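Peer 1: Below is the file input_20.tsv, with TSV, C-alpha atoms.
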chain	number	residue	atom	x	y	z
A	1	MET	CA	37.53	-4.05	-6.14
A	2	SER	CA	39.20	-2.16	-3.29
A	3	THR	CA	39.65	-3.78	0.10
A	4	LYS	CA	38.46	-2.15	3.28
A	5	PRO	CA	41.36	-1.22	5.58
A	6	THR	CA	41.70	-3.11	8.85
A	7	PHE	CA	42.25	-1.41	12.20
A	8	SER	CA	43.60	-2.38	15.57
A	9	GLN	CA	41.96	-0.90	18.67
A	10	GLN	CA	45.07	1.23	19.25
A	11	GLU	CA	44.93	2.61	15.71
A	12	LEU	CA	41.27	3.54	16.12
A	13	GLU	CA	42.03	5.47	19.32
A	14	ILE	CA	45.03	7.27	17.78
A	15	ILE	CA	43.17	8.25	14.61
A	16	GLU	CA	40.16	9.40	16.62
A	17	GLY	CA	42.48	11.54	18.75
A	18	TYR	CA	43.96	13.10	15.61
A	19	LEU	CA	40.58	13.85	14.04
A	20	THR	CA	39.09	15.26	17.26
A	21	HIS	CA	42.20	17.38	17.98
A	22	SER	CA	42.71	15.76	21.38
A	23	MET	CA	46.41	15.01	20.75
A	24	THR	CA	49.23	17.06	22.18
A	25	ALA	CA	51.11	19.27	19.71
A	26	LYS	CA	54.05	16.85	19.75
A	27	GLU	CA	51.84	13.81	19.16
A	28	ARG	CA	50.03	15.55	16.30
A	29	LEU	CA	53.31	16.51	14.64
A	30	GLN	CA	54.60	12.92	14.89
A	31	PHE	CA	51.33	11.57	13.47
A	32	GLN	CA	51.43	14.01	10.55
A	33	GLU	CA	54.98	12.87	9.77
A	34	ARG	CA	53.72	9.27	9.65
A	35	LEU	CA	50.97	10.33	7.24
A	36	THR	CA	53.52	11.66	4.77
A	37	THR	CA	55.40	8.34	4.66
A	38	ASP	CA	52.56	5.82	5.05
A	39	PRO	CA	49.81	6.08	2.39
A	40	SER	CA	47.86	3.23	4.00
A	41	LEU	CA	47.57	5.27	7.21
A	42	GLN	CA	46.03	8.16	5.25
A	43	VAL	CA	43.45	5.72	3.83
A	44	LYS	CA	42.53	4.68	7.37
A	45	VAL	CA	42.24	8.31	8.50
A	46	ASN	CA	39.94	9.07	5.56
A	47	GLU	CA	37.78	6.03	6.40
A	48	ILE	CA	37.32	7.03	10.04
A	49	SER	CA	36.80	10.69	9.09
A	50	LEU	CA	33.98	9.63	6.77
A	51	LEU	CA	32.37	7.58	9.54
A	52	ILE	CA	32.51	10.50	11.96
A	53	GLU	CA	31.15	12.89	9.35
A	54	THR	CA	28.25	10.51	8.67
A	55	VAL	CA	27.35	10.29	12.35
A	56	GLU	CA	27.66	14.07	12.82
A	57	THR	CA	25.43	14.68	9.81
A	58	SER	CA	22.84	12.35	11.29
A	59	ALA	CA	23.05	14.14	14.64
A	60	LEU	CA	22.63	17.54	12.93
A	61	LYS	CA	19.54	16.29	11.10
A	62	THR	CA	18.09	15.17	14.43
A	63	LYS	CA	18.67	18.64	15.88
A	64	LEU	CA	17.00	20.34	12.90
A	65	ASP	CA	14.01	18.01	13.04
A	66	ARG	CA	13.55	18.79	16.73
A	67	PHE	CA	13.88	22.52	16.02
A	68	HIS	CA	11.18	22.41	13.36
A	69	GLU	CA	8.91	20.42	15.66
A	70	THR	CA	9.37	23.08	18.34
A	71	MET	CA	8.60	25.91	15.91
A	72	GLU	CA	5.41	24.36	14.54
A	73	GLY	CA	2.41	26.40	15.66
A	74	THR	CA	4.56	28.99	17.44
A	75	HIS	CA	4.44	32.51	15.97
A	76	SER	CA	5.09	34.68	18.99
A	77	LYS	CA	7.86	35.06	21.50
A	78	THR	CA	7.57	32.57	24.32
A	79	LEU	CA	8.49	33.30	27.90
A	80	HIS	CA	10.90	30.68	29.20
A	81	THR	CA	10.93	29.91	32.90
A	82	PRO	CA	14.19	28.73	34.55
A	83	GLU	CA	12.78	25.19	34.73
A	84	ILE	CA	12.12	25.13	30.97
A	85	ILE	CA	15.56	26.58	30.21
A	86	GLU	CA	17.23	23.98	32.40
A	87	ARG	CA	15.22	21.19	30.75
A	88	ARG	CA	16.12	22.41	27.28
A	89	ASN	CA	19.79	22.73	28.17
A	90	THR	CA	19.74	19.13	29.34
A	91	THR	CA	17.93	18.04	26.19
A	92	SER	CA	20.42	19.87	23.95
A	93	LYS	CA	23.19	17.69	25.34
A	94	LEU	CA	21.48	14.48	24.32
A	95	PRO	CA	22.67	14.49	20.68
A	96	LEU	CA	26.27	14.70	21.94
A	97	TYR	CA	25.74	11.62	24.07
A	98	ALA	CA	24.01	9.96	21.13
A	99	LEU	CA	26.92	10.89	18.88
A	100	ALA	CA	29.42	9.34	21.29
A	101	ALA	CA	27.30	6.21	21.59
A	102	CYS	CA	26.94	5.93	17.80
A	103	LEU	CA	30.69	6.30	17.35
A	104	LEU	CA	31.34	3.52	19.83
A	105	VAL	CA	28.84	1.25	18.11
A	106	ILE	CA	30.16	2.04	14.62
A	107	PHE	CA	33.78	1.54	15.64
A	108	GLY	CA	32.85	-1.72	17.37
A	109	VAL	CA	30.93	-3.06	14.37
A	110	PHE	CA	33.58	-1.84	11.95
A	111	TYR	CA	36.35	-3.45	14.00
A	112	PHE	CA	34.40	-6.72	14.21
A	113	MET	CA	33.69	-6.78	10.46
A	114	THR	CA	37.33	-6.17	9.57
A	115	MET	CA	38.72	-8.81	11.90
A	116	PRO	CA	40.38	-11.61	9.92
A	117	SER	CA	38.55	-14.94	9.78
A	118	PRO	CA	40.11	-18.10	11.28
A	119	SER	CA	41.08	-19.21	7.75
A	120	GLU	CA	42.79	-15.89	7.05
A	121	LYS	CA	44.67	-16.06	10.36
A	122	LEU	CA	45.83	-19.60	9.63
A	123	PHE	CA	46.91	-18.64	6.11
A	124	ALA	CA	48.86	-15.64	7.40
A	125	LYS	CA	50.56	-17.81	10.02
A	126	HIS	CA	51.82	-20.44	7.58
A	127	PHE	CA	52.21	-18.72	4.22
A	128	VAL	CA	55.76	-17.71	3.34
A	129	PRO	CA	56.51	-17.21	-0.37
A	130	ASP	CA	59.06	-19.60	-1.84
A	131	PRO	CA	62.46	-17.81	-1.84
A	132	GLY	CA	62.79	-18.26	-5.61
A	133	LEU	CA	65.65	-19.38	-7.81
A	134	PRO	CA	69.09	-17.75	-7.88
A	135	THR	CA	69.53	-15.24	-10.68
A	136	THR	CA	73.17	-15.31	-11.79
A	137	MET	CA	74.99	-14.69	-15.05
A	138	SER	CA	74.61	-18.38	-15.92
A	139	THR	CA	70.84	-17.88	-16.19
A	140	GLN	CA	71.03	-15.54	-19.16
A	141	ASN	CA	70.00	-18.32	-21.54
A	142	ASN	CA	66.48	-17.98	-20.09
A	143	TYR	CA	66.49	-14.24	-19.52
A	144	PRO	CA	62.68	-13.58	-19.67
A	145	PHE	CA	61.97	-16.08	-16.90
A	146	PHE	CA	64.73	-14.86	-14.58
A	147	ASP	CA	63.95	-11.23	-15.31
A	148	ALA	CA	60.51	-11.89	-13.81
A	149	MET	CA	62.17	-13.83	-10.97
A	150	VAL	CA	63.91	-10.62	-9.93
A	151	ASN	CA	60.51	-8.93	-9.60
A	152	TYR	CA	59.18	-11.93	-7.69
A	153	LYS	CA	62.04	-11.75	-5.17
A	154	ARG	CA	61.36	-8.04	-4.67
A	155	GLY	CA	57.76	-8.82	-3.77
A	156	GLU	CA	56.52	-7.30	-7.04
A	157	TYR	CA	54.26	-10.26	-7.65
A	158	ASP	CA	51.90	-8.57	-10.07
A	159	ILE	CA	54.79	-7.59	-12.34
A	160	ALA	CA	56.30	-11.08	-12.18
A	161	ILE	CA	52.91	-12.62	-12.98
A	162	GLY	CA	52.49	-10.37	-16.01
A	163	LYS	CA	55.90	-11.31	-17.39
A	164	TRP	CA	55.56	-15.03	-16.70
A	165	GLU	CA	52.08	-15.27	-18.22
A	166	GLN	CA	53.48	-13.91	-21.47
A	167	GLN	CA	55.67	-17.03	-21.58
A	168	LEU	CA	52.82	-19.51	-21.10
A	169	ASP	CA	52.05	-20.15	-24.79
A	170	ASP	CA	55.26	-22.03	-25.40
A	171	THR	CA	55.86	-23.43	-21.90
A	172	THR	CA	52.48	-24.57	-20.59
A	173	GLU	CA	54.07	-27.82	-19.35
A	174	ASN	CA	56.93	-26.06	-17.59
A	175	ASP	CA	56.58	-27.11	-13.93
A	176	THR	CA	58.93	-24.33	-12.76
A	177	LEU	CA	56.87	-21.64	-14.43
A	178	ASN	CA	53.56	-23.10	-13.21
A	179	PHE	CA	54.87	-23.42	-9.66
A	180	TYR	CA	56.07	-19.84	-9.35
A	181	LEU	CA	52.97	-18.44	-11.03
A	182	GLY	CA	50.91	-20.33	-8.46
A	183	VAL	CA	52.92	-19.04	-5.52
A	184	ALA	CA	52.92	-15.48	-6.90
A	185	TYR	CA	49.14	-15.53	-7.25
A	186	LEU	CA	48.84	-16.89	-3.72
A	187	ALA	CA	51.07	-14.09	-2.43
A	188	GLU	CA	48.64	-11.70	-4.14
A	189	GLY	CA	45.78	-13.34	-2.24
A	190	ASN	CA	44.19	-15.08	-5.23
A	191	GLY	CA	43.70	-18.69	-4.13
A	192	GLU	CA	41.64	-19.68	-7.18
A	193	LYS	CA	44.28	-18.60	-9.71
A	194	ALA	CA	47.02	-20.11	-7.56
A	195	LEU	CA	45.30	-23.50	-7.65
A	196	SER	CA	44.87	-23.34	-11.43
A	197	PHE	CA	48.66	-23.39	-11.81
A	198	LEU	CA	49.70	-25.51	-8.83
A	199	ARG	CA	47.34	-28.32	-9.86
A	200	LYS	CA	49.28	-28.68	-13.10
A	201	LEU	CA	52.09	-30.24	-11.08
A	202	GLU	CA	49.88	-33.16	-10.00
A	203	THR	CA	51.09	-35.17	-13.01
A	204	SER	CA	54.72	-34.12	-12.52
A	205	ARG	CA	55.61	-36.60	-9.81
A	206	GLN	CA	59.31	-36.29	-10.64
A	207	SER	CA	59.27	-32.51	-10.33
A	208	ILE	CA	61.48	-30.99	-7.63
A	209	PHE	CA	58.54	-28.67	-6.86
A	210	MET	CA	56.00	-31.44	-6.25
A	211	GLU	CA	56.13	-31.46	-2.43
A	212	ASP	CA	56.13	-27.68	-2.16
A	213	ALA	CA	53.28	-27.43	-4.66
A	214	ILE	CA	51.10	-29.68	-2.46
A	215	TYR	CA	51.79	-27.50	0.57
A	216	TYR	CA	50.90	-24.31	-1.30
A	217	ARG	CA	47.80	-25.97	-2.75
A	218	ALA	CA	46.63	-26.70	0.80
A	219	LEU	CA	47.23	-23.05	1.71
A	220	ALA	CA	45.28	-21.96	-1.37
A	221	HIS	CA	42.31	-24.04	-0.17
A	222	ILE	CA	42.63	-22.42	3.26
A	223	LYS	CA	42.72	-19.01	1.61
A	224	LYS	CA	39.47	-19.93	-0.15
A	225	ASN	CA	37.98	-21.10	3.16
A	226	GLU	CA	37.96	-24.74	2.04
A	227	PRO	CA	39.48	-26.44	5.11
A	228	ASP	CA	38.14	-29.92	4.30
A	229	LYS	CA	39.91	-29.96	0.93
A	230	ALA	CA	43.11	-28.77	2.58
A	231	LYS	CA	42.87	-31.48	5.26
A	232	ARG	CA	42.35	-34.21	2.70
A	233	LEU	CA	45.33	-33.06	0.64
A	234	LEU	CA	47.60	-32.84	3.68
A	235	LYS	CA	46.55	-36.28	4.98
A	236	GLU	CA	47.29	-37.86	1.59
A	237	ASN	CA	50.75	-36.28	1.49
A	238	PRO	CA	52.29	-36.41	4.99
A	239	SER	CA	55.48	-34.50	5.75
A	240	GLN	CA	56.69	-32.48	8.73
A	241	ARG	CA	55.50	-29.19	7.29
A	242	ASN	CA	52.19	-30.63	6.07
A	243	ASN	CA	51.58	-32.29	9.43
A	244	GLU	CA	52.13	-29.01	11.28
A	245	LEU	CA	49.63	-27.25	9.04
A	246	LEU	CA	47.17	-30.11	9.41
A	247	GLN	CA	47.46	-29.95	13.20
A	248	ASP	CA	46.57	-26.25	13.19
A	249	LEU	CA	43.63	-27.00	10.89
A	250	LYS	CA	42.23	-29.47	13.42
A	251	GLU	CA	42.44	-27.09	16.37
For this file, produce the structure as C-alpha cells.
Peer 2:
Amino acid sequence: MSTKPTFSQQELEIIEGYLTHSMTAKERLQFQERLTTDPSLQVKVNEISLLIETVETSALKTKLDRFHETMEGTHSKTLHTPEIIERRNTTSKLPLYALAACLLVIFGVFYFMTMPSPSEKLFAKHFVPDPGLPTTMSTQNNYPFFDAMVNYKRGEYDIAIGKWEQQLDDTTENDTLNFYLGVAYLAEGNGEKALSFLRKLETSRQSIFMEDAIYYRALAHIKKNEPDKAKRLLKENPSQRNNELLQDLKE
C-alpha cells in the first residue's frame, strides 16, 4: 500500500506557486530542473495538482448549478439595470473566494494529517541502522551472507532482506542473521517483522548483539506506537543509550 507524501509549509507554497504559474521564469526553470532529478517531488506536485483540480471542479459545478437556477422559468431576454449588473459581478467573484478558502482548508487539513506522530518523531530521532560487519576477502567462506551485507550497507534493505531470508532454513538459530534481518526490517519501517527476528536473541545472552538487539526492540515498539512496552524493556536493561531513549519517552 502506497504512503501519502508529506509536505512542509514551504513545499506547499512552492508547489502551489508552480501550479498557479506565479513563479518567476528563473524560479520555474530551477523547479523544473529539480523535478527531473527528484521523483518524490513529482509525486508531491501530482498530489497537490489533484487537490486543486478537485476544488476547481467543485467550484465549476457550483457555478453551473447557479446558472441553471437563474435560467429556470426565464425564456425571454431580461433587461439588466446597473444595480443588477453590479450585484451579479460581485456574486460571480464569490466562487473564487470560496476556492481560495477551500484550498487553505484542504492544505491545512492535509498538512495536519501528514504530520508525523510523536512516536514517529521519536523513532526518527533515535533510529540509526547498525553499521554492519566488514566485508573483506576473509569473509568469502560465507559469501551469501556478506553479499547481502553489501546491499545492507548501501541502504538496499529490501534486497538484503530477500537474500538473508533465503538462508533462514539452515541458520534459524544464527544470532547474526536474525539481528541484521531485524534491523533491516526496522529500517524499512516494519516494526512487527523487526521484532519477530530481534526477539530470537532473547535466549542468546552470550551474543555480542544482545545489547544492541534490546535497543532496536525498544525502537520497534516505538515504531508500532507501543511506548509502554518500550519503557518496560529499557528499564529492565539499563545502559547509557537505553537511558537516553527512556528519558525521551518520558517527556
Peer 1: Set the distance at 12 Å and use all atoms listed in the file: which residues neighbour Thr203 in chain A once local chain neighbours fewer than 2 positions away are removed? I'd like the list as a VMD selection string.
Peer 2: chain A and resid 173 to 175 198 to 201 205 to 207 209 to 210 213 to 214
Peer 1: Just how far from CA of Leu181 in chain A is CA of Asn243 in chain A, in Å to one decimal?
Peer 2: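 These two atoms are separated by 24.7 Å.
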Peer 1: In Å, rounded to a single decimal, give me how far CA of Ala148 in chain A is from CA of Leu122 in chain A.
Peer 2: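 Those two atoms sit 28.7 Å apart.
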Peer 1: Any idea what the distance is between CA of Lys163 in chain A and CA of Asp38 in chain A?
Peer 2: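 Answer for the CA of Lys163 in chain A to CA of Asp38 in chain A separation: 28.4 Å.
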Peer 1: Taking (52.5, -30.5, -0.2) as a centre in this file's frame and 9 Å as the limit, can you find every polymer residue with an atom that close, using only C-alpha atoms, and give them as a PyMOL selection string?
Peer 2: chain A and resi 210-218+233-234+237-239+241-242
Peer 1: Determine, counting only C-alpha atoms, which protein, DNA and RNA residues have an atom within 12 Å of an atom of Ser196 in chain A; residues of the same chain fewer than 4 positions away are not included. Present the result as a PDB file with C-alpha atoms, in the coordinates of the input.
Peer 2:
ATOM      1  CA  THR A 172      52.480 -24.570 -20.590  1.00  0.00           C
ATOM      2  CA  ASN A 178      53.560 -23.100 -13.210  1.00  0.00           C
ATOM      3  CA  PHE A 179      54.870 -23.420  -9.660  1.00  0.00           C
ATOM      4  CA  TYR A 180      56.070 -19.840  -9.350  1.00  0.00           C
ATOM      5  CA  LEU A 181      52.970 -18.440 -11.030  1.00  0.00           C
ATOM      6  CA  GLY A 182      50.910 -20.330  -8.460  1.00  0.00           C
ATOM      7  CA  VAL A 183      52.920 -19.040  -5.520  1.00  0.00           C
ATOM      8  CA  TYR A 185      49.140 -15.530  -7.250  1.00  0.00           C
ATOM      9  CA  LEU A 186      48.840 -16.890  -3.720  1.00  0.00           C
ATOM     10  CA  ASN A 190      44.190 -15.080  -5.230  1.00  0.00           C
ATOM     11  CA  GLY A 191      43.700 -18.690  -4.130  1.00  0.00           C
ATOM     12  CA  GLU A 192      41.640 -19.680  -7.180  1.00  0.00           C
ATOM     13  CA  LYS A 200      49.280 -28.680 -13.100  1.00  0.00           C
ATOM     14  CA  LEU A 201      52.090 -30.240 -11.080  1.00  0.00           C
ATOM     15  CA  GLU A 202      49.880 -33.160 -10.000  1.00  0.00           C
ATOM     16  CA  ALA A 213      53.280 -27.430  -4.660  1.00  0.00           C
ATOM     17  CA  TYR A 216      50.900 -24.310  -1.300  1.00  0.00           C
ATOM     18  CA  ARG A 217      47.800 -25.970  -2.750  1.00  0.00           C
ATOM     19  CA  ALA A 220      45.280 -21.960  -1.370  1.00  0.00           C
ATOM     20  CA  HIS A 221      42.310 -24.040  -0.170  1.00  0.00           C
TER      21      HIS A 221
END
